[in-house]
Each structure stands twice: as C-alpha cells, then as structure tokens.
Amino acid sequence: MSEYSINASGINISFDGVQILNDVDFKVKTGEVHALVGTNGAGKSTLVKIINGVYKKDSGRISLFDKSSDYDTPEGALQAGIAMVFQDLSLIPSLTVAQNIFLQTHPYRKGLLIDDKKGNEKAIELLALIGVDTEISPSDRVEDLSVGKQQIIEIAKALSHNPKVLILDEPTASLSSVEIECLFDVIMTLKRKGISIIYITHYLQDIFKICDSLTLLRDGEVVFREETTEIDLKFLVDAMAGGESETISWNRNKAKRKGTPILEIKNLTTNKINNIDLKIYPGEIVGIAGLLGSGRSELLQALFGIDKLKNGEILVEGKSVIVSSSSKAIDEGITLVPGNRREQGLVLDFAVQDNIVLSIINRLKKFVIVDKVKIRNIVNHYIKSLNVKTQGPDQKVRFLSGGNQQKIVVAKCLASDSKILLLDDPTFGVDIHAKHEIMKIIIDYASKGNGVLFVSSEFNEIAGFCDSIYIMKKGSITEFLSDSVSEDELLYKVQ
Amino acid sequence: MTNKIREIKWREHVIYFIFTGIILLFSILLFDKGFLTGSNLMNIARQTAMISIMAVGMTFVLAAEEIDLSFGAVVALASIITAQVLRATGSIILAVIAGLVIGAVIGVINGLFVAKVGIPSFLVTLGMSGIILGIARWVSHLQSIPINNDVFTFIFGSGDIGSISVLFLWMLLAGVIGHIVLKKTPFGRKVLATGGNKISALYSGVKVSRMKLSVMVINSVLAAFAGILYAGRLHGARYTLGGNEVMIVIAAVIIGGTSMFGGKGSVIGSVIGALIMGILNNGLILLGLSVDQQMIFRGLIIIIAVSLTMREKRG
C-alpha cells in the first residue's frame with residue numbers, strides 16, 4: 001500500500017503572466033485527512049483545481065499511489081479516483097436527491113432506460129453511510145431542502161464515484177453544529193476505509209478537530225507542512241498572517257443602551273420568522289446567534305424589504321417606517337450586506353466602482369449624467385479606507401479575491417450613508433486579514449452613533465465582537481444576552 | 001509599444017474589424033458598381049436608419065436580460081395609426097403622438113406582464129406580436145394607407161438637408177441619446193445592473209420591476225418611431241411593415257457586442273451592427289445576387305459574425 005495517495009512536486013502555474021503557484025510540493029498520505037490552508041488569494045483553489053483536472057499545470061509532477069499521472073480533465077481526475085465537493089453547490093434544484101447523486105454515472109438501467117427505483121435504493125445506501133438516511137429521502141426535490149442538507153448530498157454525489165481521494169472545499173460553511181458533527185463522523189468513516197481527504201477551510205479550529213496534518217500556502221508558495229499535533233492555532237494564525245500575532249480583543253467600550261433605539265422592531269412576523277422584538281441603540285453592535293434555519297438571515301431580509309411582512313412594526317429612531325422594498329429600506333437609512341456576495345451582493349461583470357456606487361447612483365448625477373468625478377472620489381476613498389486589493393476602480397469585480405469582493409459589498413453599504421447596517425455573515429469565506437479589516441470598519445461605523453445588526457455563523461466572532469446578543473431558534477428569539485458571553489456558551493444556547 | 005497593442009482587448013472590438021473588413025471587401029469588389037459613392041453610402045444610411053433606431057431600443061432590452069419579439073408588429077400598427085390620424089386630422093403633431101402613444105401602451109402592457117406577473121418576456125412578446133399584428137390588419141382592412149402630407153414625408157422620411165438624409169439625422173439622434181442614457185445616466189446603470197445580476201441589483205436598492213418595465217416601453221416607443229419613419233419614407237403605411245426586421249435587429253445588436261445574457265450593452269455597437277447589416281444588404285444587391293442568394297448569404301454572415309462576437313463571452 002503506497003504511503004502517499006497524492007504526491008505532487010514542483011507544481012508551477014501562471015495565468016496571464018502572473019505566477020499563481022510557485023514550485024509547490026503537496027503530499028497527502030493514504031487514509032489521512034489533510035488540510036489545505038491559506039488566506040484568500042494564497043493559491044489553494046488553484047492547486048486543488050490542478051489536482052482535480054480543471055487546470056493544467058505548467059510544470060511539475062503528480063503521482064497517485066506512486067504511479068505517475070497525467071490526466072488533464074475533471075473526468076480524467078474522476079477516473080483516477082479523485083472527487084471534489086465544491087464550495088458552490090452544483091446540484092440541479094428541480095431533480096431529486098437520487099437523480100442528482102447519479103447525474104453523471106446513471107449506473108442503474110432497466111434495458112435502455114434509467115432505473116430510478118434502483119437508483120433510489122442505492123442513494124439510500126450512500127445516505128446511510130453518511131448517516132442522514134433518516135433525514136433525507138432520495139425522492140426529495142433538492143430545491144425543497146435546506147442548504148445544509150444540499151451540502152451533504154453533494155458529498156454523497158462525490159462518494160458515488162468511489163473515490164480514493166475526496167476534496168472538500170469549505171464543507172462546513174453552511175452546516176449547523178449538528179450537521180458538522182455528522183460530517184466529521186462521515187470523514188472518520190471514510191478515513192477508516194482508506195480514503196484520503198483534502199480539507200479546505202477557513203475554520204481553523206475544525207482543522208485541529210478533524211485533520212491529521214496540514215499544508216499552509218501563502219502567496220502561491222508552501223510555507224510548511226505539519227502534523228496538527230505539532231502546532232497550535234496561534235502558531236497557525238501567525239504563520240498565515242505572516243507574523244502578526246493577535247487573538248483580537250476588540251478594545252472598545254460597550255455602547256450604552258439608553259435613549260431612543262436607533263432601530264426597534266415590534267412583533268415582526270413573516271413566513272419565516274415569528275413575533276420578533278428587538279432593539280438596537282445608537283453605537284451598538286447587536287449580534288444574532290442561531291443555527292442555520294433559525295431565521296437569522298430571514299430577519300435581516302424582512303428588515304431590508306426583501307420579504308413581505310405579515311405583521312409587526314419597524315421603528316427607525318422612534319419613527320414608524322414602512323419598508324416595502326429594498327430601495328425604501330435604503331431611503332429609510334437601512335442597508336444590508338447580504339449573505340451571498342456573488343449572487344446577492346455584486347454584479348460580477350461590473351467594475352469595482354460601479355458596484356460600490358450602485359445603491360446611491362441616483363444621488364450622483366450632474367443634471368442627467370452620472371458625475372464621474374464624484375464617483376471616483378467616493379470609490380477611491382473606500383478602496384483606501386477598506387484596503388481593497390485591486391488593480392483599480394475599473395477592474396471587474398469578478399477578478400477580485402473573496403475577501404476583497406466582500407469589502408466591495410461593505411463599501412457599497414457604507415457609501416449609502418445609512419444609520420443601520422445589517423450584516424449577514426460578512427466574514428464568510430474571507431481570509432483573516434480581510435476579516436479583521438472588515439470588523440474594524442464595522443466598529444468604526446458603530447462608533448459614529450450608527451447601529452449594527454450582525455448575523456454570523458462564527459460564534460466566536462459574535463461573542464467577542466457584539467455588545468449584546470439575541471439568540472434565535474426556529475424563527476423566534478429565545479434569549480437576550482447583554483453581558484459578555486463565551487463562544488462555548490453561545491454554541492450551547494443556540495442548540 | 002507592443003505591450004500596449006496586446007492590452008487592446010481584441011475580442012471586444014471584433015465588431016469594428018468586421019465593419020472595416022466588410023467595407024474594404026465591398027469597396028474593392030464593387031468599386032465599379034459605385035459602392036463607395038456618396039449617394040450609395042447615403043442610400044445605405046437611409047435603408048439602415050430604421051434598423052438602427054430599433055437596435056437602440058433592443059440594446060436596452062437585452063441589457064436588462066429580457067427580449068422583445070413584438071416590436072416588428074409595433075412598427076406596422078404604429079405606422080398605420082399615424083397614417084390614419086394624419087389623414088383624419090391633417091395634424092402632424094397629433095399623428096406622431098398617436099403613433100408613439102401606441103408604442104408606449106404596448107410597451108407598458110409587455111412590461112407589466114414581464115415585471116409584475118412574471119411571465120418570460122419571450123412568451124409575452126411572442127403572444128403580443130400576434131395580437132398587435134392582428135389589430136394592424138384589422139384596423140387597416142389590409143389596405144395600404146397613403147400619406148400625401150409633404151411636410152410629414154419630408155421630416156419623417158424622404159427629406160434631405162443638403163446631401164444628408166433626414167433619416168440619417170434621426171438615426172444619429174437616436175444613437176447619441178441612447179448611448180448617453182445607457183452609459184452615462186443612473187437609469188442606464190440600473191438597467192445594466194438589472195441585466196447583470198438582478199438579485200444583486202435588488203439588494204442594492206434598484207427597483208428591478210421598474211427597470212424591466214422601462215426597457216420594454218423604450219423599445220416599443222422606438223419601434224413605433226421607426227414605423228413612423230417607414231410611413232414617411234414609403235409615403236404610406238401597411239400592415240406588412242416591420243415583418244422582416246425582428247431577426248435582423250436582434251442580430252445587429254448581438255454583433256454589436258450586447259450580451260444576450262444581460263449586463264452588457266453598447267448602443268454604438270448596435271448601431272454599427274445595424275450598419276453592417278445594411279452594408280451587407282446593399283453589397284449583396286449590388287453584386288447582383290438573386291433574392292434567394294441574398295437570404296442565404298445574409299443568414300450565413302449573421303451566424304459567422306455573431307459567433308465571432310460571442311466567442312469572447314464564454315470563460
């Protein structure tokens with residue numbers, strides 16, 4: 001039995017003259033869970049796409065189980081035993097679970113036709129392997145399932161190819177803690193079967209829970225490869241950041257809860273949330289902690305005019321307002337950084353500057369024409385103050401890294417001069433540096449007397465960052481915490 | 001210097017090369033048939049003007065990630081209504097307003113079904129085109145409606161100011177205004193955002209429904225205006241006007257660089273695309289090709305040109 005399922009050495013690749021990976025060595029032992037870590041733009045995606053056959057390396061060697069390999073298509077990679085579960089879901093919403101799992105292989109035929117019955121049976125087997133056969137039925141339509149469940153079906157889909165190496169790209173990002181535990185059980189099961197797993201994540205603590213070793217990439221080069229038992233979180237963060245060691249303690253004075261709330265919600269009810277009461281005071285950062293499905297994102301969407309209210313009242317600075325659409329919300333001083341930046345936050349083919357000013361484009365005209373000078377000034381201000389890494393205001397946002405894309409979304413919201421900033425998982429898929437920069441900007445915004453409502457799936461962020469916290473479960477608020485609380489306590493309270 | 005040359009986005013400007021290429025080709029092939037003469041070129045402009053104006057409207061529609069298949073019928077109906085009002089009242093102003101209002105009303109109906117009811121624009125406008133054409137035939141009793149008003153036909157069709165055709169001037173006007181609105185006004189930005197990613201546009205406070213409604217109205221009104229110009233040029237209106245134009249206009253807009261997938265639109269490109277179509281037409285006729293041959297060639301060239309401009313979109 002070969003020691004290494006994947007042994008890549010001297011991998012080089014460049015795009016348009018820019019060197020993305022430089023002499024990278026990457027090894028995964030058979031039956032090992034190996035993490036691939038690095039900030040946004042470090043080259044993790046690119047390395048993995050080479051392994052997965054999507055990109056062709058410029059130079060270097062890859063051998064699988066000691067046999068040199070030369071596939072250069074995703075199909076070739078699959079045949080070689082490498083399967084990948086992507087960060088963005090690739091399921092067909094209108095088809096069933098079983099149909100999606102066997103989309104490429106369709107192995108079960110009755111004569112010429114597809115045997116859905118057998119497909120369903122085999123799907124159940126795969127789902128049982130993952131431990132979710134009681135919660136997901138093979139005939140469920142994917143579009144009816146939660147994002148967390150869809151993620152699990154993606155894994156089942158990858159497993160249907162009987163891979164020897166499984167690549168998981170941010171698998172826990174949209175999973176609840178229960179689902180994450182499930183996932184870790186699955187990973188252990190696969191490990192025992194001798195399957196190697198490449199685990200890409202920004203959730204560094206998960207790495208120490210489930211991974212045996214890790215490779216750290218920075219700027220397209222390998223910094224080190226270590227066993228997880230040999231290092232700790234602080235060391236890893238230091239190395240990622242290139243020397244800046246800090247567990248951020250956000251040194252800020254807790255905002256005082258007095259006077260008129262800048263935002264007050266009474267009895268807010270939509271299809272997804274029930275009778276929500278909530279207050280945010282000027283200068284306060286209020287957190288919403290809850291699992292996926294708790295209604296936390298839906299609360300923000302109701303406040304931003306995306307979901308229709310069935311009942312309830314919204315008061316901005318004591319004055320009752322009707323938020324019937326997103327543009328009305330912005331007029332009333334409420335703005336939202338949505339949960340999915342690529343689908344909801346950005347027009348990917350627009351330039352950086354066009355994205356930043358999109359919310360306020362009406363205010364930026366000279367007679368009828370857009371005022372280019374005004375726009376440039378605003379845009380340059382935000383590029384600088386948010387430290388956005390871009391070739392310039394004219395670069396298409398599609399080409400920015402995740403963290404910088406997120407900064408553009410935040411810039412757009414800040415540019416609208418709102419009083420209340422709603423944030424839905426603003427640091428999702430964002431590297432540590434960008435994360436800290438975004439948090440600092442939020443603190444700055446709040447310190448000017450504005451209000452912030454902060455939804456996040458990272459409880460340590462909420463614990464360390466918010467002045468007060470509302471706990472949400474299944475569409476309702478169950479608790480209000482005004483004293484400081486630890487991540488563990490939060491994790492417990494949201495269950 | 002060579003770096004600069006490499007920086008020019010070749011693919012985005014493919015259309016200009018096609019344009020120059022075709023002009024050169026025909027100039028050489030048809031030199032003796034008078035292709036390059038001032039009168040022939042102005043002729044091309046005359047023939048292309050209406051297509052160009054409709055292409056301006058279609059640019060907005062495609063940029064918002066919608067489509068309009070009803071505008072050919074709008075051309076017919078608007079021309080008929082304009083002609084009839086002119087005959088009935090003798091007032092040019094009333095006639096033109098009537099034609100444009102018809103366009104606006106149809107645009108609003110299209111827009112409401114697309115934006116408020118949520119029916120795909122392809123289906124709505126396909127259905128509407130049948131309805132509108134039926135009304136055009138009915139209202140005109142299948143007859144041509146002659147126009148004898150010289151002022152009208154001068155302003156809206158056959159007039160020349162010096163050696164420049166009035167139609168060319170209308171085309172310029174539509175092109176310039178269209179370009180400025182799409183590229184340089186907040187409205188244009190919002191249209192492009194709606195087509196680029198309507199969800200993100202919504203989350204950015206853009207009234208997406210309103211944008212979709214607006215572009216349908218713009219297109220219908222411009223199509224109505226094209227109808228008025230046809231009526232002026234041909235000294236009469238008929239329900240057959242605009243029948244062949246739908247595909248030519250859409251092809252012109254796509255060749256011009258406007259993406260069928262929304263978010264990207266160039267009015268200038270569309271006008272040039274229309275000119276290419278017009279030059280093509282003109283050249284094929286001068287070459288002496290039969291109508292059948294012309295149709296085949298035209299179709300072929302449309303496919304080639306569109307594929308060339310679309311190749312850059314993927315990836």
# chains A, B, ... in the order shown; residues from 1 in each chain; ligands from 1

$ select_by_dssp --residues "region 43-196 of chain A" --states "helix (DSSP H, G or I)" --output "JSON, numbers by chain"
{"A": [44, 45, 46, 47, 48, 49, 50, 51, 74, 75, 76, 77, 78, 79, 97, 98, 99, 100, 101, 116, 117, 118, 119, 120, 121, 122, 123, 124, 125, 126, 127, 128, 129, 130, 142, 143, 144, 147, 148, 149, 150, 151, 152, 153, 154, 155, 156, 157, 158, 159, 177, 178, 179, 180, 181, 182, 183, 184, 185, 186, 187, 188, 189, 190, 191, 192]}

$ interface_residues --of "chain B" --to "chain A" --cutoff "7 Å" --atoms "only C-alpha atoms" --output "PyMOL selection string"
chain B and resi 184-186+193+196-197+199-200+202-207

$ write_last_selection --atoms "N, CA and C atoms" --output "PDB file, in the first residue's frame"
ATOM      1  N   LYS B 184     -24.256  56.687 -19.475  1.00  0.00           N
ATOM      2  CA  LYS B 184     -23.883  57.807 -18.610  1.00  0.00           C
ATOM      3  C   LYS B 184     -24.954  58.286 -17.651  1.00  0.00           C
ATOM      4  N   THR B 185     -26.104  57.641 -17.635  1.00  0.00           N
ATOM      5  CA  THR B 185     -27.099  58.101 -16.664  1.00  0.00           C
ATOM      6  C   THR B 185     -27.304  57.034 -15.600  1.00  0.00           C
ATOM      7  N   PRO B 186     -27.786  57.446 -14.425  1.00  0.00           N
ATOM      8  CA  PRO B 186     -28.104  56.462 -13.389  1.00  0.00           C
ATOM      9  C   PRO B 186     -29.092  55.418 -13.898  1.00  0.00           C
ATOM     10  N   ALA B 193     -27.301  46.898 -14.414  1.00  0.00           N
ATOM     11  CA  ALA B 193     -27.218  46.110 -13.180  1.00  0.00           C
ATOM     12  C   ALA B 193     -28.324  45.057 -13.147  1.00  0.00           C
ATOM     13  N   GLY B 196     -27.254  42.402 -15.382  1.00  0.00           N
ATOM     14  CA  GLY B 196     -26.043  41.734 -14.928  1.00  0.00           C
ATOM     15  C   GLY B 196     -26.312  40.758 -13.797  1.00  0.00           C
ATOM     16  N   ASN B 197     -27.073  41.190 -12.834  1.00  0.00           N
ATOM     17  CA  ASN B 197     -27.444  40.311 -11.722  1.00  0.00           C
ATOM     18  C   ASN B 197     -28.638  40.942 -11.040  1.00  0.00           C
ATOM     19  N   ILE B 199     -30.644  39.986  -8.837  1.00  0.00           N
ATOM     20  CA  ILE B 199     -30.769  39.835  -7.389  1.00  0.00           C
ATOM     21  C   ILE B 199     -29.874  40.831  -6.678  1.00  0.00           C
ATOM     22  N   SER B 200     -28.636  40.915  -7.141  1.00  0.00           N
ATOM     23  CA  SER B 200     -27.745  41.907  -6.536  1.00  0.00           C
ATOM     24  C   SER B 200     -28.277  43.309  -6.742  1.00  0.00           C
ATOM     25  N   LEU B 202     -31.360  44.165  -6.936  1.00  0.00           N
ATOM     26  CA  LEU B 202     -32.435  44.335  -5.973  1.00  0.00           C
ATOM     27  C   LEU B 202     -31.877  44.639  -4.595  1.00  0.00           C
ATOM     28  N   TYR B 203     -30.868  43.884  -4.186  1.00  0.00           N
ATOM     29  CA  TYR B 203     -30.274  44.088  -2.871  1.00  0.00           C
ATOM     30  C   TYR B 203     -29.538  45.417  -2.803  1.00  0.00           C
ATOM     31  N   SER B 204     -29.300  46.036  -3.953  1.00  0.00           N
ATOM     32  CA  SER B 204     -28.645  47.339  -3.934  1.00  0.00           C
ATOM     33  C   SER B 204     -29.663  48.459  -4.035  1.00  0.00           C
ATOM     34  N   GLY B 205     -30.929  48.120  -3.934  1.00  0.00           N
ATOM     35  CA  GLY B 205     -31.952  49.162  -3.934  1.00  0.00           C
ATOM     36  C   GLY B 205     -32.470  49.532  -5.307  1.00  0.00           C
ATOM     37  N   VAL B 206     -32.093  48.775  -6.332  1.00  0.00           N
ATOM     38  CA  VAL B 206     -32.605  49.071  -7.669  1.00  0.00           C
ATOM     39  C   VAL B 206     -34.028  48.536  -7.773  1.00  0.00           C
ATOM     40  N   LYS B 207     -34.926  49.346  -8.331  1.00  0.00           N
ATOM     41  CA  LYS B 207     -36.297  48.857  -8.497  1.00  0.00           C
ATOM     42  C   LYS B 207     -36.334  48.038  -9.781  1.00  0.00           C
TER      43      LYS B 207
END

$ residues_around --residues "Ile272 (chain B)" --least-positions-apart "2" --cutoff "8 Å" --atoms "only C-alpha atoms" --output "compact mmCIF listing (two decimals) with C-alpha atoms, in the first residue's frame"
# COMPACT_ATOMS: atom_id res chain seq x y z
CA TYR B 16 -15.06 47.16 -35.60
CA PHE B 19 -17.11 46.55 -40.03
CA ALA B 252 -27.36 43.62 -35.26
CA GLY B 256 -22.59 44.98 -31.76
CA ILE B 268 -22.79 52.40 -30.50
CA GLY B 269 -22.03 48.77 -31.16
CA SER B 270 -25.66 48.11 -32.04
CA ALA B 274 -27.09 47.69 -37.94
CA LEU B 275 -24.83 49.45 -40.42
CA ILE B 276 -23.04 46.19 -41.08

$ closest_residue --among "A:Ser177, A:Ser9, A:Gln205, A:Gln99" --to "Ser139 (chain A)" --atoms "only C-alpha atoms"
A:Gln99

$ select_by_dssp --residues "region 39-275 of chain B" --states "strand (DSSP E)" --output "count of residues only"
8

$ residues_around --residues "Ser476 (chain A)" --least-positions-apart "4" --cutoff "7 Å" --atoms "only C-alpha atoms" --output "PyMOL selection string"
chain A and resi 273-276+472

$ write_last_selection --atoms "C-alpha atoms" --output "PDB file, in the first residue's frame"
ATOM      1  CA  ILE A 273     -39.996  34.497  11.493  1.00  0.00           C
ATOM      2  CA  ASN A 274     -42.419  34.943  14.380  1.00  0.00           C
ATOM      3  CA  ASN A 275     -43.110  37.935  16.593  1.00  0.00           C
ATOM      4  CA  ILE A 276     -39.620  39.324  16.740  1.00  0.00           C
ATOM      5  CA  MET A 472     -32.686  32.814  17.628  1.00  0.00           C
TER       6      MET A 472
END

$ residues_around --residues "Gly148 (chain A)" --least-positions-apart "4" --cutoff "12 Å" --atoms "only C-alpha atoms" --output "PyMOL selection string"
chain A and resi 87+89+132+135-136+142-144+152-155+171-180+182-183+291-293

$ residues_around --residues "Ile167 (chain A)" --least-positions-apart "6" --cutoff "6 Å" --atoms "only C-alpha atoms" --output "list in words"
Met84, Ile197 and Ile198 of chain A

$ residues_around --residues "Gly243 (chain B)" --least-positions-apart "3" --cutoff "7 Å" --atoms "only C-alpha atoms" --output "ChimeraX atom specification"
/B:72-73,240

$ write_last_selection --atoms "C-alpha atoms" --output "short mmCIF file (atom, residue, chain, number, x, y, z; two decimals), in the first residue's frame"
data_model
loop_
_atom_site.label_atom_id
_atom_site.label_comp_id
_atom_site.auth_asym_id
_atom_site.auth_seq_id
_atom_site.Cartn_x
_atom_site.Cartn_y
_atom_site.Cartn_z
CA GLY B 72 -41.96 44.26 -35.64
CA ALA B 73 -45.72 44.28 -35.22
CA THR B 240 -46.54 44.27 -43.70
#

$ closest_residue --among "B:Ile145, B:Ala63, B:Ile304, B:Ile135" --to "Arg238 (chain B)" --atoms "only C-alpha atoms"
B:Ile145

$ atom_distance --atom1 "CA of Gly178 (chain B)" --atom2 "CA of Met211 (chain B)"
15.3 Å

$ closest_residue --among "A:Lys310, A:Arg376, A:Lys407, A:Lys266" --to "Ser324 (chain A)" --atoms "only C-alpha atoms"
A:Lys310

$ decode --residues "region 305-349 of chain A" --atoms "N, CA and C atoms" --output "CSV table (one decimal), in the first residue's frame"
chain,number,residue,atom,x,y,z
A,305,GLY,N,-36.7,44.8,3.4
A,305,GLY,CA,-37.8,44.9,2.4
A,305,GLY,C,-37.8,43.8,1.4
A,306,ILE,N,-37.0,42.8,1.6
A,306,ILE,CA,-37.0,41.7,0.6
A,306,ILE,C,-38.1,40.7,0.9
A,307,ASP,N,-38.4,40.4,2.1
A,307,ASP,CA,-39.5,39.5,2.5
A,307,ASP,C,-40.7,40.4,2.9
A,308,LYS,N,-41.9,39.9,2.6
A,308,LYS,CA,-43.1,40.7,2.9
A,308,LYS,C,-43.5,40.5,4.4
A,309,LEU,N,-43.8,41.6,5.1
A,309,LEU,CA,-44.2,41.4,6.5
A,309,LEU,C,-45.7,41.0,6.6
A,310,LYS,N,-45.9,40.0,7.5
A,310,LYS,CA,-47.3,39.7,7.7
A,310,LYS,C,-47.9,40.5,8.9
A,311,ASN,N,-47.0,40.9,9.7
A,311,ASN,CA,-47.4,41.6,10.9
A,311,ASN,C,-46.2,42.4,11.5
A,312,GLY,N,-46.4,43.4,12.3
A,312,GLY,CA,-45.3,44.0,13.1
A,312,GLY,C,-45.0,45.4,12.6
A,313,GLU,N,-44.1,46.0,13.4
A,313,GLU,CA,-43.7,47.4,13.2
A,313,GLU,C,-42.2,47.5,13.2
A,314,ILE,N,-41.8,48.4,12.4
A,314,ILE,CA,-40.3,48.8,12.4
A,314,ILE,C,-40.2,50.2,12.7
A,315,LEU,N,-39.4,50.6,13.7
A,315,LEU,CA,-39.2,52.0,14.0
A,315,LEU,C,-37.7,52.4,13.9
A,316,VAL,N,-37.5,53.4,13.1
A,316,VAL,CA,-36.2,54.0,12.9
A,316,VAL,C,-36.1,55.3,13.7
A,317,GLU,N,-35.3,55.3,14.7
A,317,GLU,CA,-35.1,56.5,15.6
A,317,GLU,C,-36.5,56.9,16.1
A,318,GLY,N,-37.3,55.9,16.5
A,318,GLY,CA,-38.5,56.2,17.2
A,318,GLY,C,-39.7,56.4,16.2
A,319,LYS,N,-39.4,56.5,14.9
A,319,LYS,CA,-40.4,56.8,13.9
A,319,LYS,C,-40.8,55.5,13.2
A,320,SER,N,-42.1,55.3,13.1
A,320,SER,CA,-42.5,54.1,12.4
A,320,SER,C,-42.3,54.2,10.9
A,321,VAL,N,-41.7,53.2,10.3
A,321,VAL,CA,-41.5,53.2,8.9
A,321,VAL,C,-42.0,52.0,8.2
A,322,ILE,N,-42.4,52.2,6.9
A,322,ILE,CA,-42.8,51.0,6.1
A,322,ILE,C,-41.6,50.7,5.1
A,323,VAL,N,-41.2,49.5,5.3
A,323,VAL,CA,-40.1,49.1,4.4
A,323,VAL,C,-40.6,48.1,3.4
A,324,SER,N,-41.1,48.6,2.3
A,324,SER,CA,-41.8,47.6,1.4
A,324,SER,C,-40.9,47.1,0.3
A,325,SER,N,-39.7,47.8,0.2
A,325,SER,CA,-38.8,47.3,-0.9
A,325,SER,C,-37.4,47.7,-0.5
A,326,SER,N,-36.4,47.1,-1.1
A,326,SER,CA,-35.0,47.4,-0.8
A,326,SER,C,-34.7,48.9,-1.0
A,327,SER,N,-35.3,49.5,-2.0
A,327,SER,CA,-35.0,50.9,-2.2
A,327,SER,C,-35.6,51.8,-1.1
A,328,LYS,N,-36.8,51.3,-0.6
A,328,LYS,CA,-37.4,52.1,0.5
A,328,LYS,C,-36.5,51.9,1.8
A,329,ALA,N,-36.0,50.7,1.9
A,329,ALA,CA,-35.1,50.5,3.1
A,329,ALA,C,-33.9,51.4,3.1
A,330,ILE,N,-33.3,51.5,1.9
A,330,ILE,CA,-32.2,52.4,1.8
A,330,ILE,C,-32.5,53.8,2.1
A,331,ASP,N,-33.7,54.2,1.5
A,331,ASP,CA,-34.2,55.6,1.8
A,331,ASP,C,-34.4,55.8,3.3
A,332,GLU,N,-34.8,54.8,4.0
A,332,GLU,CA,-35.0,55.0,5.5
A,332,GLU,C,-33.7,54.8,6.3
A,333,GLY,N,-32.6,54.6,5.6
A,333,GLY,CA,-31.4,54.5,6.3
A,333,GLY,C,-31.0,53.1,6.7
A,334,ILE,N,-31.6,52.1,6.1
A,334,ILE,CA,-31.2,50.7,6.5
A,334,ILE,C,-30.5,50.1,5.3
A,335,THR,N,-29.4,49.5,5.5
A,335,THR,CA,-28.7,48.8,4.4
A,335,THR,C,-28.2,47.5,4.8
A,336,LEU,N,-28.1,46.6,3.8
A,336,LEU,CA,-27.8,45.2,4.1
A,336,LEU,C,-26.6,44.7,3.3
A,337,VAL,N,-25.6,44.0,4.0
A,337,VAL,CA,-24.6,43.2,3.4
A,337,VAL,C,-25.1,41.8,3.3
A,338,PRO,N,-25.5,41.3,2.1
A,338,PRO,CA,-26.2,40.0,2.1
A,338,PRO,C,-25.3,38.9,2.3
A,339,GLY,N,-25.9,37.7,2.5
A,339,GLY,CA,-25.1,36.5,2.9
A,339,GLY,C,-24.2,35.9,1.7
A,340,ASN,N,-24.7,36.1,0.5
A,340,ASN,CA,-24.0,35.5,-0.6
A,340,ASN,C,-23.5,36.6,-1.5
A,341,ARG,N,-22.2,36.9,-1.4
A,341,ARG,CA,-21.8,38.1,-2.1
A,341,ARG,C,-21.8,38.0,-3.7
A,342,ARG,N,-21.6,36.8,-4.2
A,342,ARG,CA,-21.5,36.6,-5.6
A,342,ARG,C,-22.9,36.7,-6.2
A,343,GLU,N,-23.9,36.1,-5.5
A,343,GLU,CA,-25.2,36.1,-6.0
A,343,GLU,C,-26.1,37.2,-5.6
A,344,GLN,N,-25.8,37.8,-4.5
A,344,GLN,CA,-26.7,38.8,-4.0
A,344,GLN,C,-26.0,40.2,-3.8
A,345,GLY,N,-24.7,40.2,-3.7
A,345,GLY,CA,-24.1,41.4,-3.3
A,345,GLY,C,-23.4,42.1,-4.4
A,346,LEU,N,-23.1,41.4,-5.5
A,346,LEU,CA,-22.3,42.0,-6.5
A,346,LEU,C,-22.8,41.8,-7.9
A,347,VAL,N,-22.6,42.7,-8.8
A,347,VAL,CA,-22.8,42.4,-10.2
A,347,VAL,C,-21.4,42.1,-10.7
A,348,LEU,N,-21.1,40.8,-10.9
A,348,LEU,CA,-19.7,40.4,-11.1
A,348,LEU,C,-19.1,41.0,-12.4
A,349,ASP,N,-19.8,41.4,-13.4
A,349,ASP,CA,-19.2,41.9,-14.6
A,349,ASP,C,-19.1,43.4,-14.5
